[in-house]
>>> print(open('query00.txt').read())   # compact mmCIF, N, CA, C and O atoms
# COMPACT_ATOMS: atom_id res chain seq x y z
N MET A 1 31.07 56.63 7.48
CA MET A 1 31.34 55.89 8.67
C MET A 1 30.31 54.77 8.89
O MET A 1 30.62 53.77 9.46
N GLU A 2 29.09 54.98 8.39
CA GLU A 2 28.05 53.97 8.57
C GLU A 2 28.38 52.70 7.81
O GLU A 2 28.07 51.61 8.26
N LYS A 3 29.00 52.84 6.64
CA LYS A 3 29.36 51.67 5.86
C LYS A 3 30.35 50.79 6.62
O LYS A 3 30.27 49.58 6.59
N ALA A 4 31.31 51.41 7.30
CA ALA A 4 32.30 50.65 8.06
C ALA A 4 31.62 49.91 9.21
O ALA A 4 31.94 48.76 9.49
N GLU A 5 30.67 50.53 9.86
CA GLU A 5 29.98 49.89 10.97
C GLU A 5 29.13 48.73 10.46
O GLU A 5 29.09 47.68 11.08
N SER A 6 28.44 48.93 9.35
CA SER A 6 27.60 47.85 8.83
C SER A 6 28.47 46.69 8.33
O SER A 6 28.09 45.54 8.46
N PHE A 7 29.64 47.02 7.78
CA PHE A 7 30.55 45.97 7.35
C PHE A 7 31.03 45.15 8.53
O PHE A 7 31.09 43.93 8.48
N ASP A 8 31.37 45.83 9.64
CA ASP A 8 31.81 45.13 10.84
C ASP A 8 30.70 44.25 11.40
O ASP A 8 30.94 43.13 11.86
N ALA A 9 29.48 44.74 11.37
CA ALA A 9 28.35 43.95 11.87
C ALA A 9 28.13 42.73 11.00
O ALA A 9 27.86 41.63 11.51
N LYS A 10 28.26 42.89 9.68
CA LYS A 10 28.11 41.75 8.77
C LYS A 10 29.23 40.74 8.99
O LYS A 10 29.00 39.54 8.95
N ALA A 11 30.43 41.22 9.20
CA ALA A 11 31.56 40.33 9.42
C ALA A 11 31.39 39.54 10.72
O ALA A 11 31.68 38.34 10.78
N ALA A 12 30.89 40.20 11.76
CA ALA A 12 30.66 39.52 13.04
C ALA A 12 29.57 38.47 12.89
O ALA A 12 29.67 37.37 13.44
N LYS A 13 28.52 38.82 12.15
CA LYS A 13 27.42 37.86 11.94
C LYS A 13 27.91 36.66 11.14
O LYS A 13 27.58 35.52 11.45
N ALA A 14 28.71 36.88 10.13
CA ALA A 14 29.26 35.80 9.32
C ALA A 14 30.18 34.91 10.16
O ALA A 14 30.18 33.69 10.01
N SER A 15 30.93 35.53 11.06
CA SER A 15 31.83 34.78 11.92
C SER A 15 31.04 33.86 12.86
O SER A 15 31.38 32.70 13.04
N ARG A 16 29.96 34.40 13.45
CA ARG A 16 29.12 33.57 14.33
C ARG A 16 28.47 32.44 13.55
O ARG A 16 28.37 31.32 14.03
N SER A 17 28.07 32.73 12.33
CA SER A 17 27.44 31.71 11.49
C SER A 17 28.42 30.58 11.18
O SER A 17 28.06 29.41 11.25
N SER A 18 29.66 30.91 10.87
CA SER A 18 30.64 29.89 10.57
C SER A 18 31.02 29.09 11.81
O SER A 18 31.30 27.89 11.72
N GLN A 19 30.98 29.73 12.98
CA GLN A 19 31.25 29.01 14.22
C GLN A 19 30.16 27.97 14.48
O GLN A 19 30.44 26.86 14.91
N LEU A 20 28.91 28.34 14.23
CA LEU A 20 27.81 27.41 14.44
C LEU A 20 27.88 26.25 13.46
O LEU A 20 27.59 25.11 13.81
N LYS A 21 28.26 26.53 12.23
CA LYS A 21 28.40 25.46 11.25
C LYS A 21 29.53 24.52 11.64
O LYS A 21 29.45 23.33 11.44
N GLY A 22 30.60 25.07 12.21
CA GLY A 22 31.71 24.25 12.68
C GLY A 22 31.31 23.39 13.87
O GLY A 22 31.79 22.27 14.04
N PHE A 23 30.42 23.90 14.72
CA PHE A 23 29.97 23.15 15.89
C PHE A 23 29.22 21.90 15.48
O PHE A 23 29.31 20.86 16.14
N LYS A 24 28.50 21.99 14.40
CA LYS A 24 27.72 20.84 13.92
C LYS A 24 28.63 19.66 13.59
O LYS A 24 28.23 18.50 13.73
N HIS A 25 29.84 19.92 13.18
CA HIS A 25 30.78 18.86 12.82
C HIS A 25 31.83 18.62 13.89
O HIS A 25 32.85 17.99 13.63
N SER A 26 31.57 19.09 15.10
CA SER A 26 32.47 18.83 16.21
C SER A 26 31.93 17.67 17.03
O SER A 26 30.79 17.24 16.86
N LYS A 27 32.76 17.15 17.93
CA LYS A 27 32.34 16.00 18.74
C LYS A 27 31.11 16.33 19.59
O LYS A 27 30.15 15.55 19.59
N PRO A 28 31.08 17.47 20.30
CA PRO A 28 29.87 17.78 21.07
C PRO A 28 28.64 17.97 20.18
O PRO A 28 27.54 17.55 20.54
N GLY A 29 28.82 18.56 19.03
CA GLY A 29 27.70 18.76 18.11
C GLY A 29 27.14 17.44 17.61
O GLY A 29 25.92 17.27 17.50
N LEU A 30 28.02 16.50 17.31
CA LEU A 30 27.57 15.19 16.84
C LEU A 30 26.87 14.42 17.96
O LEU A 30 25.88 13.74 17.73
N LEU A 31 27.38 14.55 19.19
CA LEU A 31 26.73 13.87 20.31
C LEU A 31 25.34 14.45 20.57
O LEU A 31 24.40 13.70 20.88
N ILE A 32 25.20 15.74 20.44
CA ILE A 32 23.88 16.36 20.60
C ILE A 32 22.94 15.88 19.50
O ILE A 32 21.77 15.60 19.74
N SER A 33 23.44 15.75 18.29
CA SER A 33 22.61 15.25 17.18
C SER A 33 22.16 13.82 17.43
O SER A 33 21.01 13.46 17.14
N ILE A 34 23.05 12.99 17.97
CA ILE A 34 22.67 11.61 18.29
C ILE A 34 21.61 11.61 19.39
O ILE A 34 20.65 10.82 19.34
N GLY A 35 21.75 12.50 20.36
CA GLY A 35 20.75 12.60 21.43
C GLY A 35 19.39 13.02 20.91
O GLY A 35 18.36 12.47 21.34
N THR A 36 19.35 13.95 19.98
CA THR A 36 18.06 14.37 19.43
C THR A 36 17.45 13.25 18.59
O THR A 36 16.22 13.11 18.56
N SER A 37 18.28 12.45 17.96
CA SER A 37 17.76 11.29 17.24
C SER A 37 17.13 10.28 18.20
O SER A 37 16.11 9.66 17.89
N ALA A 38 17.72 10.15 19.39
CA ALA A 38 17.16 9.24 20.39
C ALA A 38 15.78 9.73 20.84
O ALA A 38 14.86 8.94 21.04
N PHE A 39 15.63 11.05 21.01
CA PHE A 39 14.32 11.59 21.37
C PHE A 39 13.31 11.34 20.24
O PHE A 39 12.14 11.07 20.50
N GLY A 40 13.75 11.43 19.01
CA GLY A 40 12.87 11.14 17.88
C GLY A 40 12.44 9.68 17.87
O GLY A 40 11.31 9.36 17.50
N ALA A 41 13.35 8.81 18.30
CA ALA A 41 13.03 7.39 18.33
C ALA A 41 11.92 7.10 19.34
O ALA A 41 11.08 6.22 19.11
N VAL A 42 11.90 7.85 20.44
CA VAL A 42 10.83 7.68 21.44
C VAL A 42 9.48 7.97 20.80
O VAL A 42 8.51 7.23 21.00
N GLY A 43 9.39 9.03 20.04
CA GLY A 43 8.15 9.37 19.35
C GLY A 43 7.73 8.33 18.33
O GLY A 43 6.54 8.02 18.19
N VAL A 44 8.70 7.77 17.63
CA VAL A 44 8.40 6.74 16.63
C VAL A 44 7.87 5.48 17.30
O VAL A 44 6.92 4.85 16.81
N VAL A 45 8.46 5.12 18.43
CA VAL A 45 7.97 3.94 19.17
C VAL A 45 6.52 4.15 19.60
O VAL A 45 5.69 3.24 19.48
N LYS A 46 6.20 5.35 20.06
CA LYS A 46 4.82 5.66 20.44
C LYS A 46 3.89 5.55 19.24
O LYS A 46 2.78 5.02 19.35
N ASP A 47 4.33 6.05 18.09
CA ASP A 47 3.52 5.97 16.87
C ASP A 47 3.29 4.53 16.45
O ASP A 47 2.20 4.16 16.01
N ILE A 48 4.32 3.69 16.58
CA ILE A 48 4.19 2.28 16.21
C ILE A 48 3.18 1.59 17.12
O ILE A 48 2.30 0.86 16.65
N ARG A 49 3.28 1.83 18.41
CA ARG A 49 2.35 1.21 19.35
C ARG A 49 0.91 1.65 19.09
O ARG A 49 -0.02 0.84 19.10
N LYS A 50 0.74 2.95 18.84
CA LYS A 50 -0.60 3.49 18.60
C LYS A 50 -1.19 2.91 17.30
O LYS A 50 -2.36 2.53 17.26
N SER A 51 -0.38 2.86 16.25
CA SER A 51 -0.90 2.36 14.98
C SER A 51 -1.22 0.87 15.05
O SER A 51 -2.17 0.40 14.42
N ARG A 52 -0.45 0.13 15.84
CA ARG A 52 -0.76 -1.30 16.01
C ARG A 52 -2.07 -1.48 16.77
O ARG A 52 -2.87 -2.34 16.42
N SER A 53 -2.26 -0.68 17.82
CA SER A 53 -3.49 -0.83 18.61
C SER A 53 -4.73 -0.41 17.80
O SER A 53 -5.80 -0.96 18.00
N GLU A 54 -4.55 0.56 16.90
CA GLU A 54 -5.66 1.01 16.06
C GLU A 54 -5.85 0.13 14.83
O GLU A 54 -6.88 0.20 14.17
N GLY A 55 -4.84 -0.65 14.51
CA GLY A 55 -4.90 -1.49 13.32
C GLY A 55 -4.75 -0.69 12.03
O GLY A 55 -5.20 -1.11 10.97
N ASP A 56 -4.07 0.45 12.12
CA ASP A 56 -3.90 1.33 10.95
C ASP A 56 -2.58 1.00 10.26
O ASP A 56 -1.50 1.34 10.74
N THR A 57 -2.68 0.31 9.13
CA THR A 57 -1.49 -0.13 8.41
C THR A 57 -0.70 1.04 7.83
O THR A 57 0.54 1.02 7.86
N LEU A 58 -1.38 2.04 7.33
CA LEU A 58 -0.68 3.18 6.74
C LEU A 58 0.14 3.93 7.78
O LEU A 58 1.29 4.30 7.52
N LYS A 59 -0.40 4.14 8.96
CA LYS A 59 0.36 4.79 10.03
C LYS A 59 1.53 3.92 10.48
O LYS A 59 2.59 4.43 10.82
N LEU A 60 1.34 2.61 10.47
CA LEU A 60 2.41 1.70 10.85
C LEU A 60 3.56 1.76 9.85
O LEU A 60 4.73 1.80 10.23
N VAL A 61 3.23 1.81 8.57
CA VAL A 61 4.26 1.93 7.53
C VAL A 61 4.99 3.26 7.66
O VAL A 61 6.22 3.32 7.55
N ASN A 62 4.24 4.33 7.92
CA ASN A 62 4.84 5.64 8.10
C ASN A 62 5.82 5.64 9.28
O ASN A 62 6.92 6.18 9.18
N ALA A 63 5.42 5.03 10.38
CA ALA A 63 6.29 4.96 11.55
C ALA A 63 7.53 4.11 11.27
O ALA A 63 8.63 4.42 11.73
N ALA A 64 7.36 3.03 10.51
CA ALA A 64 8.50 2.17 10.18
C ALA A 64 9.50 2.90 9.30
O ALA A 64 10.72 2.79 9.50
N VAL A 65 9.01 3.68 8.36
CA VAL A 65 9.91 4.46 7.50
C VAL A 65 10.64 5.52 8.33
O VAL A 65 11.84 5.75 8.15
N ALA A 66 9.93 6.14 9.25
CA ALA A 66 10.56 7.13 10.14
C ALA A 66 11.63 6.47 11.00
O ALA A 66 12.70 7.04 11.23
N ALA A 67 11.36 5.25 11.46
CA ALA A 67 12.35 4.52 12.26
C ALA A 67 13.60 4.22 11.43
O ALA A 67 14.73 4.35 11.93
N LEU A 68 13.40 3.83 10.18
CA LEU A 68 14.55 3.57 9.31
C LEU A 68 15.37 4.83 9.07
O LEU A 68 16.60 4.79 9.02
N ALA A 69 14.70 5.95 8.93
CA ALA A 69 15.41 7.22 8.74
C ALA A 69 16.24 7.57 9.97
O ALA A 69 17.38 8.05 9.85
N ILE A 70 15.69 7.32 11.15
CA ILE A 70 16.43 7.61 12.38
C ILE A 70 17.64 6.70 12.50
O ILE A 70 18.73 7.14 12.87
N VAL A 71 17.47 5.42 12.17
CA VAL A 71 18.59 4.48 12.23
C VAL A 71 19.69 4.89 11.26
O VAL A 71 20.88 4.90 11.61
N THR A 72 19.30 5.27 10.06
CA THR A 72 20.28 5.68 9.05
C THR A 72 21.02 6.94 9.46
O THR A 72 22.25 7.02 9.37
N SER A 73 20.29 7.94 9.93
CA SER A 73 20.94 9.19 10.32
C SER A 73 21.86 8.99 11.53
O SER A 73 22.94 9.57 11.60
N THR A 74 21.45 8.13 12.46
CA THR A 74 22.31 7.85 13.62
C THR A 74 23.57 7.12 13.18
O THR A 74 24.67 7.41 13.68
N ALA A 75 23.44 6.20 12.25
CA ALA A 75 24.62 5.49 11.74
C ALA A 75 25.59 6.45 11.06
O ALA A 75 26.81 6.35 11.23
N LEU A 76 25.05 7.40 10.31
CA LEU A 76 25.91 8.41 9.67
C LEU A 76 26.61 9.28 10.70
O LEU A 76 27.80 9.62 10.55
N LEU A 77 25.89 9.65 11.75
CA LEU A 77 26.49 10.47 12.81
C LEU A 77 27.59 9.71 13.55
O LEU A 77 28.64 10.28 13.87
N VAL A 78 27.35 8.43 13.82
CA VAL A 78 28.36 7.62 14.50
C VAL A 78 29.60 7.48 13.62
O VAL A 78 30.73 7.56 14.11
N ARG A 79 29.40 7.30 12.32
CA ARG A 79 30.54 7.21 11.40
C ARG A 79 31.36 8.50 11.42
O ARG A 79 32.59 8.48 11.47
N GLU A 80 30.67 9.63 11.39
CA GLU A 80 31.36 10.92 11.44
C GLU A 80 32.10 11.10 12.76
O GLU A 80 33.21 11.62 12.80
N LEU A 81 31.50 10.64 13.84
CA LEU A 81 32.12 10.73 15.16
C LEU A 81 33.39 9.88 15.21
O LEU A 81 34.41 10.30 15.76
N ARG A 82 33.33 8.72 14.61
CA ARG A 82 34.52 7.86 14.56
C ARG A 82 35.63 8.49 13.73
O ARG A 82 36.81 8.39 14.06
N ARG A 83 35.25 9.13 12.64
CA ARG A 83 36.26 9.79 11.80
C ARG A 83 36.92 10.95 12.53
O ARG A 83 38.10 11.20 12.35
N LEU A 84 36.15 11.66 13.35
CA LEU A 84 36.74 12.75 14.13
C LEU A 84 37.72 12.22 15.16
O LEU A 84 38.73 12.85 15.46
N GLY A 85 37.41 11.05 15.73
CA GLY A 85 38.24 10.47 16.78
C GLY A 85 39.47 9.78 16.24
O GLY A 85 40.41 9.48 16.97
N SER A 86 39.50 9.52 14.94
CA SER A 86 40.62 8.81 14.33
C SER A 86 41.79 9.77 14.13
O SER A 86 41.66 10.80 13.49
N ASP A 87 42.94 9.39 14.66
CA ASP A 87 44.15 10.21 14.48
C ASP A 87 45.02 9.66 13.34
O ASP A 87 46.01 10.27 12.99
N ASP A 88 44.64 8.53 12.79
CA ASP A 88 45.40 7.91 11.73
C ASP A 88 45.21 8.67 10.42
O ASP A 88 44.09 8.89 9.98
N VAL A 89 46.29 9.07 9.80
CA VAL A 89 46.23 9.84 8.57
C VAL A 89 45.71 8.98 7.42
O VAL A 89 45.00 9.45 6.54
N LEU A 90 46.01 7.70 7.44
CA LEU A 90 45.63 6.80 6.37
C LEU A 90 44.24 6.20 6.55
O LEU A 90 43.76 5.46 5.70
N ALA A 91 43.56 6.52 7.65
CA ALA A 91 42.23 5.97 7.89
C ALA A 91 41.24 6.56 6.90
O ALA A 91 41.32 7.74 6.58
N PRO A 92 40.31 5.73 6.41
CA PRO A 92 39.33 6.22 5.43
C PRO A 92 38.33 7.16 6.05
O PRO A 92 38.04 7.21 7.17
>>> encode(input="query00.txt", output="structure tokens")
Amino acid sequence: MEKAESFDAKAAKASRSSQLKGFKHSKPGLLISIGTSAFGAVGVVKDIRKSRSEGDTLKLVNAAVAALAIVTSTALLVRELRRLGSDDVLAP
């Protein structure tokens, strides 16, 4: 009987896991991801200002690369959001 209970517990855990993975690719999940990217951008702006005031070129380059990563990831999220909103079967 213990095997049946452990199997049910594993199945429930797997089900919750797949639901969370599905949420990541849903409209609310994508909007939350874009929001967290915006919070990351605030930190990058602070890093850029600090590195400029200190005259630290290496920190400035690091912040610029981080800013590019945020821009790229946000663009990918927006593209995915547009694809979810598209009802056209022939849309790329």
>>> atom_distance(input="query00.txt", atom1="atom O of Asp56 (chain A)", atom2="atom C of Gly43 (chain A)")
13.8 Å
>>> residues_around(input="query00.txt", residues="Thr74 (chain A)", least_positions_apart="5", cutoff="8 Å", atoms="all atoms listed in the file", output="list in words")
Leu30, Ser33, Ile34, Ser37, Ala38, Ala67, Leu68, Ala69, Arg79, Glu80 and Leu81 of chain A
>>> closest_residue(input="query00.txt", among="A:Ser73, A:Lys27, A:Ala64, A:Gly35", to="Arg49 (chain A)", atoms="only C-alpha atoms")
A:Ala64
>>> atom_distance(input="query00.txt", atom1="atom N of Lys50 (chain A)", atom2="atom N of Thr72 (chain A)")
20.7 Å
>>> atom_distance(input="query00.txt", atom1="CA of Val78 (chain A)", atom2="atom C of Asp47 (chain A)")
25.3 Å
>>> closest_residue(input="query00.txt", among="A:Val71, A:Leu77, A:Val61, A:Ser86", to="Pro28 (chain A)", atoms="only C-alpha atoms")
A:Leu77
